[in-house]
Amino acid sequence: PGQGAGSRLPFATITPVDKTVDAFTVPAGYTWSPIIRWGDPLFADAPAFDLQRQTPAAQKRQFGYNNDYTDIIVDQGSGRTGILVCNQEYVNPGIMFPATTDPAQQARNRAIARAAHGMSVVELRRRRKGQPWTYTVGGRRNRRIDADTTFAFDGPAAGSALLRTVEHRDGRTTRGTIGNCSGGTTPWGTVLSGEENFNGYFRTPGTSTEDKRYGLADKPSTYGWEADEKRWDTRNPGYENASNHFGWIVEIDPQNPGSRPVKHTAMGRFKHEGANVRVDDRGRVVAYMGDDERFDYLYKFVSRRTISRNRAENLGLLSDGDLFVAKFRGDSPAPQIDGSGTLPADGQFDGTGMWLPLVLHGRSMVDGMSVDEVLVHTRLAADKVGATKMDRCEDVQPNPLTGRVYVACTNNTDRGKAGKAGPDEANPRNANKDGHIVEISESRNRADATTFTWNLLLVCGDPADPTTQTYFAGFPKDKVSPISCPDNVAFDSGGNLWISTDGAPSTIGYNDGLFKVALGGRERGRVQQFLSVPTEAETCGPVIHDREGMVYVAVQHPGEEGSFADQHSFFPDYVRPGTTPRRGQVAAPRPSVVQVYRR
Ligand code: FEO
Ligand code: CA
Ligand code: CA
Ligand code: CA
């Protein structure tokens with residue numbers, strides 16, 4: 001059993017699980033159960049989930065699909081109540097619905113899909129700390145946010161001409177949130193969520209520089225919603241700016257179900273993975289953000305105001321501040337970076353970096369672009385200032401104990417391809433299929449620093465594979481779990497890093513999972529696998545409440561390569577076709593939030 005410094009969660013590392021296995025696997029002495037599954041009713045008037053008779057009205061009142069960012073916020077006091085807040089990123093219609101050629105049923109399925117997107121807030125209760133939670137149907141704070149919910153824009157670009165459409169003539173409101181990937185819970189108790197792959201939801205002219213840079217194209221959208229609502233096709237007169245309504249960081253107050261959620265224009269627009277806030281010892285507030293696209297960038301937002309004891313004032317912190325993008329410099333000469341991950345002569349991938357300003361003190365720092373343009377077309381602004389092209393920044397999170405920032409670069413198989421950028425010391429491998437973790441130390445540990453130092457904590461992969469170069473901060477490679485495609489990160493109370501993965505089946509042949517990594521002392525770089533998710537699923541969340549012996553993950557897209565008639569996963573109900581389901585169970589995979597606890 002490997003117990004990291006200060007961690008209250010001893011466990012025996014699990015053996016990696018083959019990618020075909022449809023099981024949720026935990027260490028010896030632990031067990032698991034779902035807290036809530038796709039389709040579970042949130043409100044007293046919501047029907048029980050009926051796989052064969054789904055409706056848009058029911059889905060609007062039930063837990064959505066493909067849970068990603070997750071937090072469990074325990075109420076002050078007895079610790080026996082709390083809330084679960086969860087993003088619902090996207091849908092897999094091929095395994096959710098029976099195949100149909102009926103246009104009316106197809107339209108109904110699309111409406112169900114829109115209702116299955118967004119976010120959920122659900123009240124929880126338990127007998128005592130360390131015991132499993134039960135969610136409360138009809139809890140006071142229960143809430144569904146979906147592709148129809150009204151949002152307010154705030155910050156400098158709110159009201160901009162770039163945000164006006166015939167449905168939102170003042171450019172100050174919009175409808176819905178989609179592609180909500182990871183996120184972060186703020187020190188003032190709100191939840192941030194990143195709108196990531198919004199481009200696939202639109203059909204556009206696809207001809208402008210902006211459309212091309214954001215992957216918006218003149219082809220049918222992934223889900224075909226343009227057949228139902230004009231706003232998903234920006235070729236429609238009056239809807240030219242409709243795609244500018246997505247790609248933002250949204251903030252919701254989960255304690256106040258009547259509050260209007262906000263999209264923060266000050267934090268820029270790109271394929272936001274998520275945002276995580278740190279408050280430094282002078283009260284300065286910073287949010288770190290990744291743009292999850294090959295060769296895109298790492299950003300940070302620094303609030304103009306410092307944190308307040310008044311919660312209401314903090315709700316405006318992310319509306320006003322400076323936006324920066326990262327530039328990395330290696331400290332080793334280029335010939336030592338051979339593109340295969342061989343260590344530079346000084347023994348590690350490391351160097352210095354700068355935060356290049358895009359918006360500073362309310363002014364654009366980018367030639368030829370207004371503040372509105374920088375915030376709405378942030379990728380173009382970052383291109384102009386020469387930011388470092390990264391290997392797909394996913395979750396970016398500061399360690400609450402040290403202030404160091406951890407960047408999960410999930411992979412970039414295009415690195416080094418003809419016409420694409422080659423390796424640099426911060427992204428050192430060509431055809432990087434396994435990803436890496438960057439560790440950043442802000443100068444003088446200040447949130448608003450404009451310079452930093454950095455090193456690679458992990459260069460991921462299966463260390464047993466002689467064709468893959470790996471690095472585990474110098475820890476012996478024969479004593480670590482294989483790990484590939486890091487995505488979401490979290491910390492335990494001892495400051496250990498926990499990493500969930502997305503993509504390991506196709507790179508190292510194992511199901512995705514959750515891994516603990518020690519960051520300090522002799523154990524630094526030791527990777528230990530804690531759990532494994534079922535076949536074709538991604539591990540999201542995660543939430544580590546080690547003082548209570550509890551771990552939570554969101555199991556996203558189990559069995560996603562199957563079809564309704566040929567399901568590849570039956571997680572978590574495990575009702576096989578032909579057997580009689582118990583009440584509330586179905587013979588299909590259901591994305592679910594899972595709790596892991598001691599037996
Ligand atoms: Fe939805 Fe970047 O993962
Ligand atoms: Ca170096
Ligand atoms: Ca992700
Ligand atoms: Ca995280």
# chains A, B, ... in the order shown; residues from 1 in each chain; ligands from 1
>>> residues_near_ligand(ligand="ligand 2", cutoff="9 Å", atoms="only C-alpha atoms and all ligand atoms", output="list in words")
Gly330, Asp331, Ser332, Pro333, Leu343, Pro344, Ala345, Asp346, Gly347, Gln348, Phe349, Asp350, Gly351, Glu425 and Asn455 of chain A
>>> write_last_selection(atoms="C-alpha atoms", output="mmCIF file, in the first residue's frame")
data_model
loop_
_atom_site.group_PDB
_atom_site.id
_atom_site.type_symbol
_atom_site.label_atom_id
_atom_site.label_comp_id
_atom_site.auth_asym_id
_atom_site.auth_seq_id
_atom_site.Cartn_x
_atom_site.Cartn_y
_atom_site.Cartn_z
ATOM 1 C CA GLY A 330 13.038 25.597 -22.513
ATOM 2 C CA ASP A 331 16.456 25.985 -20.959
ATOM 3 C CA SER A 332 18.150 23.311 -23.025
ATOM 4 C CA PRO A 333 19.489 23.730 -26.572
ATOM 5 C CA LEU A 343 15.719 13.712 -21.435
ATOM 6 C CA PRO A 344 17.663 16.912 -22.082
ATOM 7 C CA ALA A 345 21.247 17.005 -20.810
ATOM 8 C CA ASP A 346 20.221 18.748 -17.574
ATOM 9 C CA GLY A 347 17.999 15.794 -16.633
ATOM 10 C CA GLN A 348 14.583 17.330 -16.987
ATOM 11 C CA PHE A 349 12.255 19.148 -19.323
ATOM 12 C CA ASP A 350 12.107 22.591 -17.762
ATOM 13 C CA GLY A 351 12.588 26.294 -18.205
ATOM 14 C CA GLU A 425 10.892 21.442 -24.379
ATOM 15 C CA ASN A 455 9.012 21.528 -15.544
#
>>> residues_near_ligand(ligand="ligand 1", cutoff="7 Å", atoms="only C-alpha atoms and all ligand atoms", output="MDAnalysis selection string")
chainID A and resid 181:182 196 273 292 394 487
>>> write_last_selection(atoms="C-alpha atoms", output="JSON list (two decimals), in the first residue's frame")
[["chain", "number", "residue", "atom", "x", "y", "z"],
["A", 181, "CYS", "CA", -16.50, 19.64, -20.04],
["A", 182, "SER", "CA", -14.50, 20.22, -16.90],
["A", 196, "GLU", "CA", -15.70, 23.06, -24.95],
["A", 273, "GLU", "CA", -11.92, 22.77, -20.90],
["A", 292, "ASP", "CA", -8.41, 21.74, -25.53],
["A", 394, "GLU", "CA", -7.26, 19.92, -20.44],
["A", 487, "ASP", "CA", -7.54, 14.79, -18.55]]
>>> select_by_dssp(residues="region 136-347 of chain A", states="helix (DSSP H, G or I)", output="mmCIF file with N, CA and C atoms, in the first residue's frame")
data_model
loop_
_atom_site.group_PDB
_atom_site.id
_atom_site.type_symbol
_atom_site.label_atom_id
_atom_site.label_comp_id
_atom_site.auth_asym_id
_atom_site.auth_seq_id
_atom_site.Cartn_x
_atom_site.Cartn_y
_atom_site.Cartn_z
ATOM 1 N N ALA A 161 -21.620 44.149 -30.343
ATOM 2 C CA ALA A 161 -22.263 43.804 -31.621
ATOM 3 C C ALA A 161 -21.989 42.351 -31.993
ATOM 4 N N LEU A 162 -20.872 41.806 -31.534
ATOM 5 C CA LEU A 162 -20.500 40.427 -31.874
ATOM 6 C C LEU A 162 -21.394 39.397 -31.187
ATOM 7 N N LEU A 163 -22.205 39.851 -30.217
ATOM 8 C CA LEU A 163 -23.077 38.918 -29.489
ATOM 9 C C LEU A 163 -24.560 39.129 -29.806
ATOM 10 N N PHE A 198 -18.088 23.300 -28.806
ATOM 11 C CA PHE A 198 -19.338 23.901 -29.292
ATOM 12 C C PHE A 198 -19.401 23.939 -30.808
ATOM 13 N N ASN A 199 -18.244 23.917 -31.475
ATOM 14 C CA ASN A 199 -18.251 24.105 -32.926
ATOM 15 C C ASN A 199 -19.060 23.028 -33.651
ATOM 16 N N GLY A 200 -19.019 21.807 -33.122
ATOM 17 C CA GLY A 200 -19.724 20.704 -33.774
ATOM 18 C C GLY A 200 -21.236 20.829 -33.754
ATOM 19 N N TYR A 201 -21.754 21.755 -32.945
ATOM 20 C CA TYR A 201 -23.211 21.920 -32.824
ATOM 21 C C TYR A 201 -23.772 22.859 -33.891
ATOM 22 N N THR A 209 -12.129 33.931 -41.403
ATOM 23 C CA THR A 209 -10.953 33.562 -40.608
ATOM 24 C C THR A 209 -11.386 33.034 -39.248
ATOM 25 N N GLU A 210 -12.413 33.700 -38.654
ATOM 26 C CA GLU A 210 -12.859 33.313 -37.319
ATOM 27 C C GLU A 210 -13.491 31.920 -37.334
ATOM 28 N N ASP A 211 -14.392 31.680 -38.297
ATOM 29 C CA ASP A 211 -15.007 30.351 -38.385
ATOM 30 C C ASP A 211 -13.936 29.271 -38.522
ATOM 31 N N LYS A 212 -12.979 29.517 -39.388
ATOM 32 C CA LYS A 212 -11.964 28.485 -39.644
ATOM 33 C C LYS A 212 -11.128 28.233 -38.390
ATOM 34 N N ARG A 213 -10.770 29.303 -37.698
ATOM 35 C CA ARG A 213 -9.904 29.141 -36.523
ATOM 36 C C ARG A 213 -10.622 28.390 -35.401
ATOM 37 N N TRP A 225 -29.328 19.739 -34.969
ATOM 38 C CA TRP A 225 -30.312 20.609 -34.311
ATOM 39 C C TRP A 225 -30.749 21.758 -35.202
ATOM 40 N N GLU A 226 -29.991 22.063 -36.259
ATOM 41 C CA GLU A 226 -30.388 23.145 -37.162
ATOM 42 C C GLU A 226 -31.725 22.834 -37.833
ATOM 43 N N ALA A 227 -32.149 21.572 -37.799
ATOM 44 C CA ALA A 227 -33.474 21.228 -38.338
ATOM 45 C C ALA A 227 -34.584 21.732 -37.415
ATOM 46 N N LYS A 230 -33.343 27.723 -35.643
ATOM 47 C CA LYS A 230 -32.512 28.477 -36.594
ATOM 48 C C LYS A 230 -31.143 28.830 -36.046
ATOM 49 N N ARG A 231 -31.043 28.957 -34.714
ATOM 50 C CA ARG A 231 -29.791 29.470 -34.140
ATOM 51 C C ARG A 231 -28.604 28.548 -34.352
ATOM 52 N N TRP A 232 -28.828 27.272 -34.663
ATOM 53 C CA TRP A 232 -27.709 26.350 -34.850
ATOM 54 C C TRP A 232 -27.141 26.415 -36.269
ATOM 55 N N ALA A 242 -24.608 33.694 -33.783
ATOM 56 C CA ALA A 242 -25.137 32.724 -32.813
ATOM 57 C C ALA A 242 -24.049 31.818 -32.246
ATOM 58 N N SER A 243 -23.024 31.481 -33.049
ATOM 59 C CA SER A 243 -21.965 30.598 -32.506
ATOM 60 C C SER A 243 -21.076 31.337 -31.508
ATOM 61 N N ASN A 244 -21.108 32.676 -31.537
ATOM 62 C CA ASN A 244 -20.341 33.444 -30.541
ATOM 63 C C ASN A 244 -20.957 33.349 -29.146
ATOM 64 N N HIS A 245 -22.133 32.739 -29.046
ATOM 65 C CA HIS A 245 -22.780 32.603 -27.738
ATOM 66 C C HIS A 245 -22.251 31.410 -26.947
ATOM 67 N N THR A 265 -17.513 36.972 -20.297
ATOM 68 C CA THR A 265 -16.743 37.340 -21.494
ATOM 69 C C THR A 265 -15.313 37.745 -21.151
ATOM 70 N N ALA A 266 -15.080 38.211 -19.927
ATOM 71 C CA ALA A 266 -13.726 38.651 -19.562
ATOM 72 C C ALA A 266 -12.720 37.505 -19.594
ATOM 73 N N MET A 267 -13.205 36.254 -19.551
ATOM 74 C CA MET A 267 -12.311 35.100 -19.498
ATOM 75 C C MET A 267 -12.019 34.520 -20.874
ATOM 76 N N ARG A 311 -19.773 37.539 0.240
ATOM 77 C CA ARG A 311 -19.930 36.585 -0.851
ATOM 78 C C ARG A 311 -20.542 37.234 -2.084
ATOM 79 N N ALA A 312 -21.506 38.121 -1.885
ATOM 80 C CA ALA A 312 -22.179 38.742 -3.034
ATOM 81 C C ALA A 312 -21.181 39.511 -3.902
ATOM 82 N N GLU A 313 -20.202 40.153 -3.271
ATOM 83 C CA GLU A 313 -19.199 40.877 -4.057
ATOM 84 C C GLU A 313 -18.338 39.922 -4.872
ATOM 85 N N ASN A 314 -18.068 38.754 -4.308
ATOM 86 C CA ASN A 314 -17.216 37.791 -5.023
ATOM 87 C C ASN A 314 -17.888 37.236 -6.270
ATOM 88 N N LEU A 317 -16.320 38.797 -9.241
ATOM 89 C CA LEU A 317 -14.855 38.834 -9.401
ATOM 90 C C LEU A 317 -14.396 38.467 -10.809
ATOM 91 N N LEU A 318 -15.105 37.559 -11.458
ATOM 92 C CA LEU A 318 -14.648 37.064 -12.758
ATOM 93 C C LEU A 318 -15.214 37.889 -13.919
ATOM 94 N N SER A 319 -15.830 39.018 -13.591
ATOM 95 C CA SER A 319 -16.416 39.876 -14.617
ATOM 96 C C SER A 319 -15.453 40.961 -15.078
ATOM 97 N N ALA A 334 18.074 23.209 -28.453
ATOM 98 C CA ALA A 334 17.136 22.416 -29.236
ATOM 99 C C ALA A 334 17.636 21.027 -29.616
ATOM 100 N N PRO A 335 18.922 20.859 -29.990
ATOM 101 C CA PRO A 335 19.335 19.522 -30.428
ATOM 102 C C PRO A 335 19.168 18.451 -29.362
ATOM 103 N N GLN A 336 19.059 18.888 -28.089
ATOM 104 C CA GLN A 336 18.890 17.887 -27.041
ATOM 105 C C GLN A 336 17.450 17.385 -26.949
#
>>> residues_near_ligand(ligand="ligand 4", cutoff="6 Å", atoms="only C-alpha atoms and all ligand atoms", output="compact mmCIF listing (two decimals) with N, CA and C atoms, in the first residue's frame")
# COMPACT_ATOMS: atom_id res chain seq x y z
N ASP A 395 -7.60 19.90 -18.04
CA ASP A 395 -7.75 20.53 -16.73
C ASP A 395 -6.44 21.23 -16.34
N ASN A 488 -8.61 15.12 -16.39
CA ASN A 488 -9.01 15.94 -15.24
C ASN A 488 -8.06 15.70 -14.07
N VAL A 489 -7.85 16.73 -13.26
CA VAL A 489 -6.98 16.58 -12.09
C VAL A 489 -7.68 17.10 -10.84
N ALA A 490 -7.23 16.61 -9.69
CA ALA A 490 -7.74 17.06 -8.39
C ALA A 490 -6.62 16.83 -7.37
>>> residues_around(residues="Tyr223 (chain A)", least_positions_apart="3", cutoff="12 Å", atoms="only C-alpha atoms", output="PyMOL selection string")
chain A and resi 90-94+106-107+109-114+198-203+219-220+226-229+232
>>> closest_residue(among="A:Val277, A:Met550, A:Ala28, A:Leu456", to="Lys300 (chain A)", atoms="only C-alpha atoms")
A:Val277
>>> residues_around(residues="region 255-257 of chain A", least_positions_apart="2", cutoff="7 Å", atoms="only C-alpha atoms", output="CSV table (one decimal) with N, CA and C atoms, in the first residue's frame")
chain,number,residue,atom,x,y,z
A,141,ARG,N,-32.5,22.6,-3.5
A,141,ARG,CA,-31.5,23.2,-4.4
A,141,ARG,C,-31.4,22.5,-5.8
A,143,ARG,N,-31.7,21.3,-9.4
A,143,ARG,CA,-31.8,22.2,-10.6
A,143,ARG,C,-31.3,21.5,-11.8
A,253,ASP,N,-24.5,29.6,-9.3
A,253,ASP,CA,-24.5,29.6,-7.9
A,253,ASP,C,-25.4,28.4,-7.5
A,259,SER,N,-31.1,31.7,-9.2
A,259,SER,CA,-30.1,32.6,-9.7
A,259,SER,C,-29.9,32.4,-11.2
>>> closest_atom_pairs(of="chain A", to="ligand 3", cutoff="12 Å", atoms="only C-alpha atoms and all ligand atoms", output="JSON lines")
{"residue": "A:Asn66", "atom": "CA", "partner": "ligand 3", "partner_atom_place_in_ligand_line": "1 (Ca)", "distance": 11.3}
{"residue": "A:Asn67", "atom": "CA", "partner": "ligand 3", "partner_atom_place_in_ligand_line": "1 (Ca)", "distance": 10.7}
{"residue": "A:Asp68", "atom": "CA", "partner": "ligand 3", "partner_atom_place_in_ligand_line": "1 (Ca)", "distance": 7.3}
{"residue": "A:Tyr69", "atom": "CA", "partner": "ligand 3", "partner_atom_place_in_ligand_line": "1 (Ca)", "distance": 8.2}
{"residue": "A:Thr70", "atom": "CA", "partner": "ligand 3", "partner_atom_place_in_ligand_line": "1 (Ca)", "distance": 11.6}
{"residue": "A:Asn87", "atom": "CA", "partner": "ligand 3", "partner_atom_place_in_ligand_line": "1 (Ca)", "distance": 11.0}
{"residue": "A:Gln88", "atom": "CA", "partner": "ligand 3", "partner_atom_place_in_ligand_line": "1 (Ca)", "distance": 11.7}
{"residue": "A:Glu89", "atom": "CA", "partner": "ligand 3", "partner_atom_place_in_ligand_line": "1 (Ca)", "distance": 9.4}
{"residue": "A:Tyr90", "atom": "CA", "partner": "ligand 3", "partner_atom_place_in_ligand_line": "1 (Ca)", "distance": 11.6}
{"residue": "A:Gly179", "atom": "CA", "partner": "ligand 3", "partner_atom_place_in_ligand_line": "1 (Ca)", "distance": 10.1}
{"residue": "A:Asn180", "atom": "CA", "partner": "ligand 3", "partner_atom_place_in_ligand_line": "1 (Ca)", "distance": 9.1}
{"residue": "A:Cys181", "atom": "CA", "partner": "ligand 3", "partner_atom_place_in_ligand_line": "1 (Ca)", "distance": 5.4}
{"residue": "A:Ser182", "atom": "CA", "partner": "ligand 3", "partner_atom_place_in_ligand_line": "1 (Ca)", "distance": 5.6}
{"residue": "A:Gly183", "atom": "CA", "partner": "ligand 3", "partner_atom_place_in_ligand_line": "1 (Ca)", "distance": 9.2}
{"residue": "A:Ser193", "atom": "CA", "partner": "ligand 3", "partner_atom_place_in_ligand_line": "1 (Ca)", "distance": 11.2}
{"residue": "A:Gly194", "atom": "CA", "partner": "ligand 3", "partner_atom_place_in_ligand_line": "1 (Ca)", "distance": 9.6}
{"residue": "A:Glu195", "atom": "CA", "partner": "ligand 3", "partner_atom_place_in_ligand_line": "1 (Ca)", "distance": 10.8}
{"residue": "A:Glu196", "atom": "CA", "partner": "ligand 3", "partner_atom_place_in_ligand_line": "1 (Ca)", "distance": 8.7}
{"residue": "A:Asn197", "atom": "CA", "partner": "ligand 3", "partner_atom_place_in_ligand_line": "1 (Ca)", "distance": 10.3}
{"residue": "A:Lys271", "atom": "CA", "partner": "ligand 3", "partner_atom_place_in_ligand_line": "1 (Ca)", "distance": 10.8}
{"residue": "A:His272", "atom": "CA", "partner": "ligand 3", "partner_atom_place_in_ligand_line": "1 (Ca)", "distance": 9.6}
{"residue": "A:Glu273", "atom": "CA", "partner": "ligand 3", "partner_atom_place_in_ligand_line": "1 (Ca)", "distance": 6.1}
{"residue": "A:Gly274", "atom": "CA", "partner": "ligand 3", "partner_atom_place_in_ligand_line": "1 (Ca)", "distance": 8.3}
{"residue": "A:Ala275", "atom": "CA", "partner": "ligand 3", "partner_atom_place_in_ligand_line": "1 (Ca)", "distance": 11.6}
{"residue": "A:Gly290", "atom": "CA", "partner": "ligand 3", "partner_atom_place_in_ligand_line": "1 (Ca)", "distance": 10.1}
{"residue": "A:Asp291", "atom": "CA", "partner": "ligand 3", "partner_atom_place_in_ligand_line": "1 (Ca)", "distance": 10.5}
{"residue": "A:Asp292", "atom": "CA", "partner": "ligand 3", "partner_atom_place_in_ligand_line": "1 (Ca)", "distance": 8.0}
{"residue": "A:Glu293", "atom": "CA", "partner": "ligand 3", "partner_atom_place_in_ligand_line": "1 (Ca)", "distance": 11.1}
{"residue": "A:Arg392", "atom": "CA", "partner": "ligand 3", "partner_atom_place_in_ligand_line": "1 (Ca)", "distance": 10.0}
{"residue": "A:Cys393", "atom": "CA", "partner": "ligand 3", "partner_atom_place_in_ligand_line": "1 (Ca)", "distance": 9.2}
{"residue": "A:Glu394", "atom": "CA", "partner": "ligand 3", "partner_atom_place_in_ligand_line": "1 (Ca)", "distance": 5.7}
{"residue": "A:Asp395", "atom": "CA", "partner": "ligand 3", "partner_atom_place_in_ligand_line": "1 (Ca)", "distance": 6.8}
{"residue": "A:Val396", "atom": "CA", "partner": "ligand 3", "partner_atom_place_in_ligand_line": "1 (Ca)", "distance": 10.6}
{"residue": "A:Ala408", "atom": "CA", "partner": "ligand 3", "partner_atom_place_in_ligand_line": "1 (Ca)", "distance": 9.5}
{"residue": "A:Cys409", "atom": "CA", "partner": "ligand 3", "partner_atom_place_in_ligand_line": "1 (Ca)", "distance": 10.4}
{"residue": "A:Thr410", "atom": "CA", "partner": "ligand 3", "partner_atom_place_in_ligand_line": "1 (Ca)", "distance": 8.7}
{"residue": "A:Asn411", "atom": "CA", "partner": "ligand 3", "partner_atom_place_in_ligand_line": "1 (Ca)", "distance": 11.7}
{"residue": "A:Cys485", "atom": "CA", "partner": "ligand 3", "partner_atom_place_in_ligand_line": "1 (Ca)", "distance": 10.0}
{"residue": "A:Pro486", "atom": "CA", "partner": "ligand 3", "partner_atom_place_in_ligand_line": "1 (Ca)", "distance": 8.8}
{"residue": "A:Asp487", "atom": "CA", "partner": "ligand 3", "partner_atom_place_in_ligand_line": "1 (Ca)", "distance": 5.2}
{"residue": "A:Asn488", "atom": "CA", "partner": "ligand 3", "partner_atom_place_in_ligand_line": "1 (Ca)", "distance": 6.0}
{"residue": "A:Val489", "atom": "CA", "partner": "ligand 3", "partner_atom_place_in_ligand_line": "1 (Ca)", "distance": 9.7}
{"residue": "A:Ile499", "atom": "CA", "partner": "ligand 3", "partner_atom_place_in_ligand_line": "1 (Ca)", "distance": 11.2}
{"residue": "A:Ser500", "atom": "CA", "partner": "ligand 3", "partner_atom_place_in_ligand_line": "1 (Ca)", "distance": 9.2}
{"residue": "A:Thr501", "atom": "CA", "partner": "ligand 3", "partner_atom_place_in_ligand_line": "1 (Ca)", "distance": 8.5}
{"residue": "A:Asp502", "atom": "CA", "partner": "ligand 3", "partner_atom_place_in_ligand_line": "1 (Ca)", "distance": 7.4}
{"residue": "A:Gly503", "atom": "CA", "partner": "ligand 3", "partner_atom_place_in_ligand_line": "1 (Ca)", "distance": 10.5}
{"residue": "A:Glu538", "atom": "CA", "partner": "ligand 3", "partner_atom_place_in_ligand_line": "1 (Ca)", "distance": 8.9}
{"residue": "A:Thr539", "atom": "CA", "partner": "ligand 3", "partner_atom_place_in_ligand_line": "1 (Ca)", "distance": 9.0}
{"residue": "A:Cys540", "atom": "CA", "partner": "ligand 3", "partner_atom_place_in_ligand_line": "1 (Ca)", "distance": 7.3}
{"residue": "A:Gly541", "atom": "CA", "partner": "ligand 3", "partner_atom_place_in_ligand_line": "1 (Ca)", "distance": 9.3}
{"residue": "A:Pro542", "atom": "CA", "partner": "ligand 3", "partner_atom_place_in_ligand_line": "1 (Ca)", "distance": 11.2}
{"residue": "A:Ala554", "atom": "CA", "partner": "ligand 3", "partner_atom_place_in_ligand_line": "1 (Ca)", "distance": 11.3}
{"residue": "A:Val555", "atom": "CA", "partner": "ligand 3", "partner_atom_place_in_ligand_line": "1 (Ca)", "distance": 12.0}
{"residue": "A:Gln556", "atom": "CA", "partner": "ligand 3", "partner_atom_place_in_ligand_line": "1 (Ca)", "distance": 10.1}
>>> closest_residue(among="A:Gly206, A:Gly215, A:Pro428, A:Pro476", to="Val527 (chain A)", atoms="only C-alpha atoms")
A:Pro476
>>> select_by_dssp(residues="region 462-564 of chain A", states="strand (DSSP E or B)", output="ChimeraX atom specification")
/A:471-472,483,486-491,497-501,510,513-517,527-532,538-545,550-556
>>> closest_residue(among="A:Phe491, A:Tyr297, A:Phe530, A:Trp498", to="Gly513 (chain A)", atoms="only C-alpha atoms")
A:Phe530
